[in-house]
$ cat data-v2.tsv   # TSV, C-alpha atoms
chain	number	residue	atom	x	y	z
A	1	MET	CA	37.57	77.24	99.35
A	2	ASP	CA	38.78	76.44	95.84
A	3	ILE	CA	41.89	74.28	95.57
A	4	ILE	CA	44.32	74.68	92.68
A	5	LYS	CA	47.25	72.31	92.18
A	6	VAL	CA	50.30	73.91	90.59
A	7	SER	CA	53.38	72.14	89.23
A	8	SER	CA	56.67	73.52	87.93
A	9	LYS	CA	55.23	73.12	84.40
A	10	SER	CA	52.06	75.11	85.09
A	11	VAL	CA	51.73	78.29	83.05
A	12	SER	CA	51.61	81.08	85.62
A	13	SER	CA	49.31	83.36	83.58
A	14	LYS	CA	46.74	80.54	83.26
A	15	VAL	CA	46.91	79.78	86.98
A	16	ALA	CA	46.47	83.52	87.58
A	17	GLY	CA	43.30	83.40	85.48
A	18	SER	CA	41.95	80.52	87.58
A	19	ILE	CA	42.70	82.37	90.81
A	20	ALA	CA	41.04	85.56	89.53
A	21	ASN	CA	37.98	83.61	88.34
A	22	SER	CA	37.51	82.00	91.75
A	23	PHE	CA	37.46	85.42	93.42
A	24	ARG	CA	35.16	86.89	90.77
A	25	GLU	CA	32.75	84.02	91.44
A	26	GLY	CA	32.67	84.96	95.11
A	27	CYS	CA	35.27	82.65	96.67
A	28	LYS	CA	36.71	84.12	99.85
A	29	ASN	CA	39.98	82.26	99.56
A	30	VAL	CA	41.85	79.92	97.25
A	31	GLU	CA	44.33	77.25	98.30
A	32	ILE	CA	47.25	76.62	95.96
A	33	GLN	CA	49.02	73.32	96.51
A	34	THR	CA	52.60	72.95	95.32
A	35	VAL	CA	55.31	70.31	95.55
A	36	GLY	CA	58.87	71.47	94.90
A	37	ALA	CA	60.68	74.76	94.33
A	38	GLY	CA	59.62	75.11	90.68
A	39	ALA	CA	55.97	74.76	91.62
A	40	VAL	CA	56.24	77.32	94.43
A	41	ASN	CA	57.84	79.74	91.97
A	42	GLN	CA	55.07	79.32	89.37
A	43	ALA	CA	52.42	79.73	92.09
A	44	ILE	CA	53.97	82.93	93.43
A	45	LYS	CA	54.23	84.37	89.91
A	46	ALA	CA	50.58	83.42	89.34
A	47	ILE	CA	49.51	85.25	92.50
A	48	SER	CA	51.45	88.37	91.42
A	49	ILE	CA	49.68	88.30	88.05
A	50	ALA	CA	46.26	87.55	89.60
A	51	ARG	CA	46.67	90.59	91.86
A	52	GLY	CA	46.58	92.72	88.71
A	53	PHE	CA	43.48	90.91	87.42
A	54	VAL	CA	41.37	91.54	90.51
A	55	ALA	CA	42.76	94.90	91.69
A	56	PRO	CA	40.26	96.77	89.44
A	57	ILE	CA	37.34	95.15	91.33
A	58	GLY	CA	38.76	96.33	94.64
A	59	LEU	CA	40.47	93.16	95.82
A	60	ASN	CA	43.97	93.21	97.30
A	61	LEU	CA	45.24	89.62	97.24
A	62	VAL	CA	47.74	88.45	99.84
A	63	CYS	CA	48.99	84.94	100.53
A	64	THR	CA	49.69	82.91	103.64
A	65	PRO	CA	52.26	80.16	103.11
A	66	ALA	CA	51.97	76.95	105.13
A	67	PHE	CA	53.51	73.50	105.21
A	68	TYR	CA	51.45	70.38	104.64
A	69	ASP	CA	52.21	66.69	104.35
A	70	VAL	CA	51.58	64.89	101.11
A	71	ILE	CA	52.14	61.25	100.15
A	72	ILE	CA	53.97	60.78	96.83
A	73	ASP	CA	54.82	57.27	95.62
A	74	GLY	CA	54.08	55.94	99.10
A	75	LYS	CA	56.51	58.35	100.81
A	76	GLU	CA	55.46	61.22	103.04
A	77	LYS	CA	56.88	64.54	101.89
A	78	THR	CA	56.50	68.09	103.15
A	79	ALA	CA	55.01	70.43	100.60
A	80	ILE	CA	53.93	74.05	100.59
A	81	LYS	CA	50.42	75.41	100.20
A	82	LEU	CA	49.64	79.06	99.65
A	83	ILE	CA	46.32	80.34	100.93
A	84	VAL	CA	45.30	83.35	98.86
A	85	GLU	CA	42.74	85.77	100.25
A	86	SER	CA	41.68	89.35	99.81
A	87	GLU	CA	42.88	91.70	102.54
B	1	MET	CA	61.09	98.66	105.77
B	2	ASP	CA	63.79	96.05	106.29
B	3	ILE	CA	65.14	94.35	103.16
B	4	ILE	CA	66.37	90.75	103.25
B	5	LYS	CA	68.03	89.13	100.22
B	6	VAL	CA	67.44	85.40	99.96
B	7	SER	CA	69.18	82.95	97.62
B	8	SER	CA	68.55	79.29	96.91
B	9	LYS	CA	71.37	78.50	99.38
B	10	SER	CA	69.89	80.55	102.23
B	11	VAL	CA	68.90	78.51	105.28
B	12	SER	CA	65.17	79.06	105.66
B	13	SER	CA	65.13	78.81	109.46
B	14	LYS	CA	67.81	81.53	109.71
B	15	VAL	CA	65.93	83.78	107.30
B	16	ALA	CA	62.81	83.13	109.41
B	17	GLY	CA	64.73	84.32	112.47
B	18	SER	CA	65.70	87.55	110.67
B	19	ILE	CA	62.09	88.18	109.61
B	20	ALA	CA	60.80	87.55	113.12
B	21	ASN	CA	63.47	89.84	114.63
B	22	SER	CA	62.52	92.69	112.32
B	23	PHE	CA	58.89	92.45	113.45
B	24	ARG	CA	59.87	92.15	117.11
B	25	GLU	CA	61.92	95.33	116.73
B	26	GLY	CA	58.83	97.15	115.47
B	27	CYS	CA	59.15	96.93	111.68
B	28	LYS	CA	55.76	97.15	110.00
B	29	ASN	CA	56.88	95.21	106.93
B	30	VAL	CA	59.85	93.34	105.54
B	31	GLU	CA	60.78	93.04	101.88
B	32	ILE	CA	62.35	89.76	100.80
B	33	GLN	CA	64.20	89.92	97.49
B	34	THR	CA	64.73	86.71	95.54
B	35	VAL	CA	66.14	85.75	92.15
B	36	GLY	CA	65.18	82.33	90.81
B	37	ALA	CA	62.86	79.50	91.79
B	38	GLY	CA	65.13	78.09	94.50
B	39	ALA	CA	65.32	81.47	96.22
B	40	VAL	CA	61.53	81.95	96.09
B	41	ASN	CA	61.11	78.51	97.64
B	42	GLN	CA	63.51	79.25	100.51
B	43	ALA	CA	61.83	82.61	101.11
B	44	ILE	CA	58.35	81.09	101.25
B	45	LYS	CA	59.53	78.39	103.65
B	46	ALA	CA	61.15	81.11	105.79
B	47	ILE	CA	57.87	83.05	105.94
B	48	SER	CA	55.97	79.90	106.99
B	49	ILE	CA	58.49	79.33	109.80
B	50	ALA	CA	58.53	83.02	110.83
B	51	ARG	CA	54.72	82.90	111.17
B	52	GLY	CA	55.22	80.44	113.99
B	53	PHE	CA	57.87	82.64	115.64
B	54	VAL	CA	55.68	85.75	115.84
B	55	ALA	CA	52.22	84.18	116.25
B	56	PRO	CA	52.66	84.10	120.08
B	57	ILE	CA	53.06	87.90	120.12
B	58	GLY	CA	49.81	88.32	118.20
B	59	LEU	CA	51.14	88.86	114.68
B	60	ASN	CA	49.64	87.08	111.69
B	61	LEU	CA	52.15	87.37	108.84
B	62	VAL	CA	50.95	87.40	105.24
B	63	CYS	CA	52.92	88.11	102.09
B	64	THR	CA	52.31	90.06	98.92
B	65	PRO	CA	54.34	88.84	95.94
B	66	ALA	CA	55.44	91.33	93.30
B	67	PHE	CA	57.72	91.46	90.30
B	68	TYR	CA	60.72	93.76	90.16
B	69	ASP	CA	63.54	94.34	87.71
B	70	VAL	CA	67.08	93.60	88.71
B	71	ILE	CA	70.34	93.92	86.76
B	72	ILE	CA	72.59	90.85	86.96
B	73	ASP	CA	75.86	90.76	85.00
B	74	GLY	CA	74.68	93.76	83.00
B	75	LYS	CA	71.41	92.09	81.92
B	76	GLU	CA	67.99	93.13	83.13
B	77	LYS	CA	66.05	90.25	84.65
B	78	THR	CA	62.67	89.99	86.28
B	79	ALA	CA	62.80	88.81	89.87
B	80	ILE	CA	60.28	88.33	92.65
B	81	LYS	CA	60.04	90.22	95.90
B	82	LEU	CA	57.81	89.21	98.76
B	83	ILE	CA	56.48	91.96	101.02
B	84	VAL	CA	55.75	90.47	104.43
B	85	GLU	CA	53.41	92.30	106.79
B	86	SER	CA	51.19	91.57	109.74
B	87	GLU	CA	47.49	91.41	108.94
$ encode --input "data-v2.tsv" --output "structure tokens"
Amino acid sequence: MDIIKVSSKSVSSKVAGSIANSFREGCKNVEIQTVGAGAVNQAIKAISIARGFVAPIGLNLVCTPAFYDVIIDGKEKTAIKLIVESE
Amino acid sequence: MDIIKVSSKSVSSKVAGSIANSFREGCKNVEIQTVGAGAVNQAIKAISIARGFVAPIGLNLVCTPAFYDVIIDGKEKTAIKLIVESE
């Protein structure tokens, strides 16, 4: 599984390209790790865009959101990861 | 299809309850409409929580993000909707 970290400053079209590339190279699923609302938003936009990139090769991307714990500056925080896979 | 509008001030556990209820009542999919990063974040958290609510009845919720146009104060804006369905 490929892991992509997305921040609120990530460019969603570039992240979309990375997601699409992973699937083109044969990955079965991609995990997108985000911390914060801005990052979740960029990740979701990226998945929407990536759907268009891989639809022509017969893939229908869906995502499964999940919580995970991450340690930032020594403090444990709850973040969101999005597992993207083809239906 | 049930439609749920989520804002950045929505309580994610309550939205999760609404999503779970729709599926328990036999809905095949639920559309969550959001405008803005905060709203997307609350919606994604709600889906994560709802997954736990309906997993015991054999449903595995996934979401498909998509863009849609919405008119706010007379201006057209691009917003995100999340189509939730059971795999």
$ closest_residue --input "data-v2.tsv" --among "B:Pro56, B:Gly74, B:Gly17, B:Gly36" --to "chain A" --atoms "only C-alpha atoms"
B:Gly36
$ closest_residue --input "data-v2.tsv" --among "B:Val35, B:Val84, B:Met1, B:Ala43" --to "Asp69 of chain B" --atoms "all atoms listed in the file"
B:Val35
$ residues_around --input "data-v2.tsv" --residues "segment 9-11 of chain B" --least-positions-apart "2" --cutoff "10 Å" --atoms "all atoms listed in the file" --output "PyMOL selection string"
chain B and resi 5-7+13-16+38-39+42-43+45-46
$ calpha_fit_and_write --input "data-v2.tsv" --fixed "chain B" --moving "chain A" --output "PDB file with C-alpha atoms, in the frame of the given file"
ATOM      1  CA  MET A   1      61.088  98.650 105.766  1.00  0.00           C
ATOM      2  CA  ASP A   2      63.800  96.041 106.279  1.00  0.00           C
ATOM      3  CA  ILE A   3      65.130  94.341 103.157  1.00  0.00           C
ATOM      4  CA  ILE A   4      66.367  90.752 103.244  1.00  0.00           C
ATOM      5  CA  LYS A   5      68.029  89.129 100.235  1.00  0.00           C
ATOM      6  CA  VAL A   6      67.436  85.394  99.947  1.00  0.00           C
ATOM      7  CA  SER A   7      69.192  82.959  97.612  1.00  0.00           C
ATOM      8  CA  SER A   8      68.538  79.287  96.898  1.00  0.00           C
ATOM      9  CA  LYS A   9      71.350  78.494  99.379  1.00  0.00           C
ATOM     10  CA  SER A  10      69.881  80.538 102.234  1.00  0.00           C
ATOM     11  CA  VAL A  11      68.898  78.499 105.277  1.00  0.00           C
ATOM     12  CA  SER A  12      65.164  79.060 105.653  1.00  0.00           C
ATOM     13  CA  SER A  13      65.136  78.804 109.472  1.00  0.00           C
ATOM     14  CA  LYS A  14      67.814  81.530 109.709  1.00  0.00           C
ATOM     15  CA  VAL A  15      65.924  83.786 107.303  1.00  0.00           C
ATOM     16  CA  ALA A  16      62.817  83.130 109.414  1.00  0.00           C
ATOM     17  CA  GLY A  17      64.738  84.335 112.469  1.00  0.00           C
ATOM     18  CA  SER A  18      65.703  87.550 110.663  1.00  0.00           C
ATOM     19  CA  ILE A  19      62.109  88.173 109.606  1.00  0.00           C
ATOM     20  CA  ALA A  20      60.816  87.550 113.143  1.00  0.00           C
ATOM     21  CA  ASN A  21      63.487  89.839 114.630  1.00  0.00           C
ATOM     22  CA  SER A  22      62.524  92.694 112.315  1.00  0.00           C
ATOM     23  CA  PHE A  23      58.899  92.470 113.454  1.00  0.00           C
ATOM     24  CA  ARG A  24      59.872  92.154 117.118  1.00  0.00           C
ATOM     25  CA  GLU A  25      61.917  95.341 116.726  1.00  0.00           C
ATOM     26  CA  GLY A  26      58.833  97.152 115.475  1.00  0.00           C
ATOM     27  CA  CYS A  27      59.153  96.923 111.683  1.00  0.00           C
ATOM     28  CA  LYS A  28      55.774  97.138 109.985  1.00  0.00           C
ATOM     29  CA  ASN A  29      56.871  95.202 106.938  1.00  0.00           C
ATOM     30  CA  VAL A  30      59.847  93.328 105.544  1.00  0.00           C
ATOM     31  CA  GLU A  31      60.785  93.027 101.882  1.00  0.00           C
ATOM     32  CA  ILE A  32      62.357  89.751 100.789  1.00  0.00           C
ATOM     33  CA  GLN A  33      64.193  89.916  97.483  1.00  0.00           C
ATOM     34  CA  THR A  34      64.725  86.710  95.531  1.00  0.00           C
ATOM     35  CA  VAL A  35      66.143  85.761  92.146  1.00  0.00           C
ATOM     36  CA  GLY A  36      65.189  82.336  90.806  1.00  0.00           C
ATOM     37  CA  ALA A  37      62.853  79.503  91.777  1.00  0.00           C
ATOM     38  CA  GLY A  38      65.131  78.094  94.496  1.00  0.00           C
ATOM     39  CA  ALA A  39      65.308  81.464  96.211  1.00  0.00           C
ATOM     40  CA  VAL A  40      61.530  81.953  96.081  1.00  0.00           C
ATOM     41  CA  ASN A  41      61.107  78.511  97.642  1.00  0.00           C
ATOM     42  CA  GLN A  42      63.519  79.241 100.515  1.00  0.00           C
ATOM     43  CA  ALA A  43      61.823  82.610 101.117  1.00  0.00           C
ATOM     44  CA  ILE A  44      58.345  81.087 101.251  1.00  0.00           C
ATOM     45  CA  LYS A  45      59.536  78.385 103.662  1.00  0.00           C
ATOM     46  CA  ALA A  46      61.144  81.110 105.792  1.00  0.00           C
ATOM     47  CA  ILE A  47      57.876  83.052 105.947  1.00  0.00           C
ATOM     48  CA  SER A  48      55.981  79.893 106.993  1.00  0.00           C
ATOM     49  CA  ILE A  49      58.491  79.320 109.797  1.00  0.00           C
ATOM     50  CA  ALA A  50      58.533  83.007 110.829  1.00  0.00           C
ATOM     51  CA  ARG A  51      54.738  82.910 111.155  1.00  0.00           C
ATOM     52  CA  GLY A  52      55.226  80.434 114.001  1.00  0.00           C
ATOM     53  CA  PHE A  53      57.864  82.646 115.644  1.00  0.00           C
ATOM     54  CA  VAL A  54      55.684  85.746 115.833  1.00  0.00           C
ATOM     55  CA  ALA A  55      52.214  84.194 116.242  1.00  0.00           C
ATOM     56  CA  PRO A  56      52.658  84.112 120.064  1.00  0.00           C
ATOM     57  CA  ILE A  57      53.051  87.929 120.105  1.00  0.00           C
ATOM     58  CA  GLY A  58      49.806  88.335 118.189  1.00  0.00           C
ATOM     59  CA  LEU A  59      51.142  88.856 114.681  1.00  0.00           C
ATOM     60  CA  ASN A  60      49.630  87.078 111.682  1.00  0.00           C
ATOM     61  CA  LEU A  61      52.153  87.371 108.844  1.00  0.00           C
ATOM     62  CA  VAL A  62      50.961  87.403 105.244  1.00  0.00           C
ATOM     63  CA  CYS A  63      52.937  88.109 102.089  1.00  0.00           C
ATOM     64  CA  THR A  64      52.312  90.073  98.921  1.00  0.00           C
ATOM     65  CA  PRO A  65      54.328  88.835  95.946  1.00  0.00           C
ATOM     66  CA  ALA A  66      55.436  91.334  93.301  1.00  0.00           C
ATOM     67  CA  PHE A  67      57.724  91.456  90.296  1.00  0.00           C
ATOM     68  CA  TYR A  68      60.714  93.767  90.155  1.00  0.00           C
ATOM     69  CA  ASP A  69      63.535  94.343  87.708  1.00  0.00           C
ATOM     70  CA  VAL A  70      67.081  93.609  88.720  1.00  0.00           C
ATOM     71  CA  ILE A  71      70.332  93.935  86.768  1.00  0.00           C
ATOM     72  CA  ILE A  72      72.584  90.856  86.968  1.00  0.00           C
ATOM     73  CA  ASP A  73      75.859  90.780  85.026  1.00  0.00           C
ATOM     74  CA  GLY A  74      74.682  93.777  83.011  1.00  0.00           C
ATOM     75  CA  LYS A  75      71.421  92.089  81.936  1.00  0.00           C
ATOM     76  CA  GLU A  76      67.984  93.120  83.135  1.00  0.00           C
ATOM     77  CA  LYS A  77      66.062  90.237  84.669  1.00  0.00           C
ATOM     78  CA  THR A  78      62.656  89.978  86.302  1.00  0.00           C
ATOM     79  CA  ALA A  79      62.799  88.809  89.881  1.00  0.00           C
ATOM     80  CA  ILE A  80      60.272  88.325  92.648  1.00  0.00           C
ATOM     81  CA  LYS A  81      60.026  90.231  95.908  1.00  0.00           C
ATOM     82  CA  LEU A  82      57.787  89.207  98.766  1.00  0.00           C
ATOM     83  CA  ILE A  83      56.482  91.948 101.020  1.00  0.00           C
ATOM     84  CA  VAL A  84      55.745  90.465 104.433  1.00  0.00           C
ATOM     85  CA  GLU A  85      53.411  92.300 106.783  1.00  0.00           C
ATOM     86  CA  SER A  86      51.192  91.571 109.729  1.00  0.00           C
ATOM     87  CA  GLU A  87      47.488  91.398 108.912  1.00  0.00           C
TER      88      GLU A  87
END
$ atom_distance --input "data-v2.tsv" --atom1 "atom CA of Glu31 of chain A" --atom2 "atom CA of Ile3 of chain A"
4.7 Å
$ interface_residues --input "data-v2.tsv" --of "chain A" --to "chain B" --cutoff "9 Å" --atoms "only C-alpha atoms" --output "ChimeraX atom specification"
/A:36-42,44-45,47-49,51,61-67,80,87
$ write_last_selection --input "data-v2.tsv" --atoms "C-alpha atoms" --output "PDB file, keeping the file's coordinate frame"
ATOM      1  CA  GLY A  36      58.870  71.470  94.900  1.00  0.00           C
ATOM      2  CA  ALA A  37      60.680  74.760  94.330  1.00  0.00           C
ATOM      3  CA  GLY A  38      59.620  75.110  90.680  1.00  0.00           C
ATOM      4  CA  ALA A  39      55.970  74.760  91.620  1.00  0.00           C
ATOM      5  CA  VAL A  40      56.240  77.320  94.430  1.00  0.00           C
ATOM      6  CA  ASN A  41      57.840  79.740  91.970  1.00  0.00           C
ATOM      7  CA  GLN A  42      55.070  79.320  89.370  1.00  0.00           C
ATOM      8  CA  ILE A  44      53.970  82.930  93.430  1.00  0.00           C
ATOM      9  CA  LYS A  45      54.230  84.370  89.910  1.00  0.00           C
ATOM     10  CA  ILE A  47      49.510  85.250  92.500  1.00  0.00           C
ATOM     11  CA  SER A  48      51.450  88.370  91.420  1.00  0.00           C
ATOM     12  CA  ILE A  49      49.680  88.300  88.050  1.00  0.00           C
ATOM     13  CA  ARG A  51      46.670  90.590  91.860  1.00  0.00           C
ATOM     14  CA  LEU A  61      45.240  89.620  97.240  1.00  0.00           C
ATOM     15  CA  VAL A  62      47.740  88.450  99.840  1.00  0.00           C
ATOM     16  CA  CYS A  63      48.990  84.940 100.530  1.00  0.00           C
ATOM     17  CA  THR A  64      49.690  82.910 103.640  1.00  0.00           C
ATOM     18  CA  PRO A  65      52.260  80.160 103.110  1.00  0.00           C
ATOM     19  CA  ALA A  66      51.970  76.950 105.130  1.00  0.00           C
ATOM     20  CA  PHE A  67      53.510  73.500 105.210  1.00  0.00           C
ATOM     21  CA  ILE A  80      53.930  74.050 100.590  1.00  0.00           C
ATOM     22  CA  GLU A  87      42.880  91.700 102.540  1.00  0.00           C
TER      23      GLU A  87
END
$ atom_distance --input "data-v2.tsv" --atom1 "atom CA of Val30 of chain B" --atom2 "atom CA of Ala55 of chain A"
22.1 Å
$ atom_distance --input "data-v2.tsv" --atom1 "atom CA of Thr34 of chain A" --atom2 "atom CA of Lys28 of chain B"
28.5 Å
$ residues_around --input "data-v2.tsv" --residues "Glu25 of chain A" --least-positions-apart "4" --cutoff "12 Å" --atoms "only C-alpha atoms" --output "list of chain:residue names"
A:Met1, A:Asp2, A:Ser18, A:Ile19, A:Ala20, A:Asn21, A:Asn29, A:Val30, A:Val54
$ axis_aligned_box --input "data-v2.tsv" --around "segment 40-55 of chain A" --padding-each-side "5 Å" --output "JSON"
{"center_x": 49.6, "center_y": 86.1, "center_z": 90.9, "size_x": 26.5, "size_y": 27.6, "size_z": 17.0}
$ closest_residue --input "data-v2.tsv" --among "A:Ser86, A:Gly26, A:Val70, A:Glu76" --to "Ala50 of chain A" --atoms "only C-alpha atoms"
A:Ser86
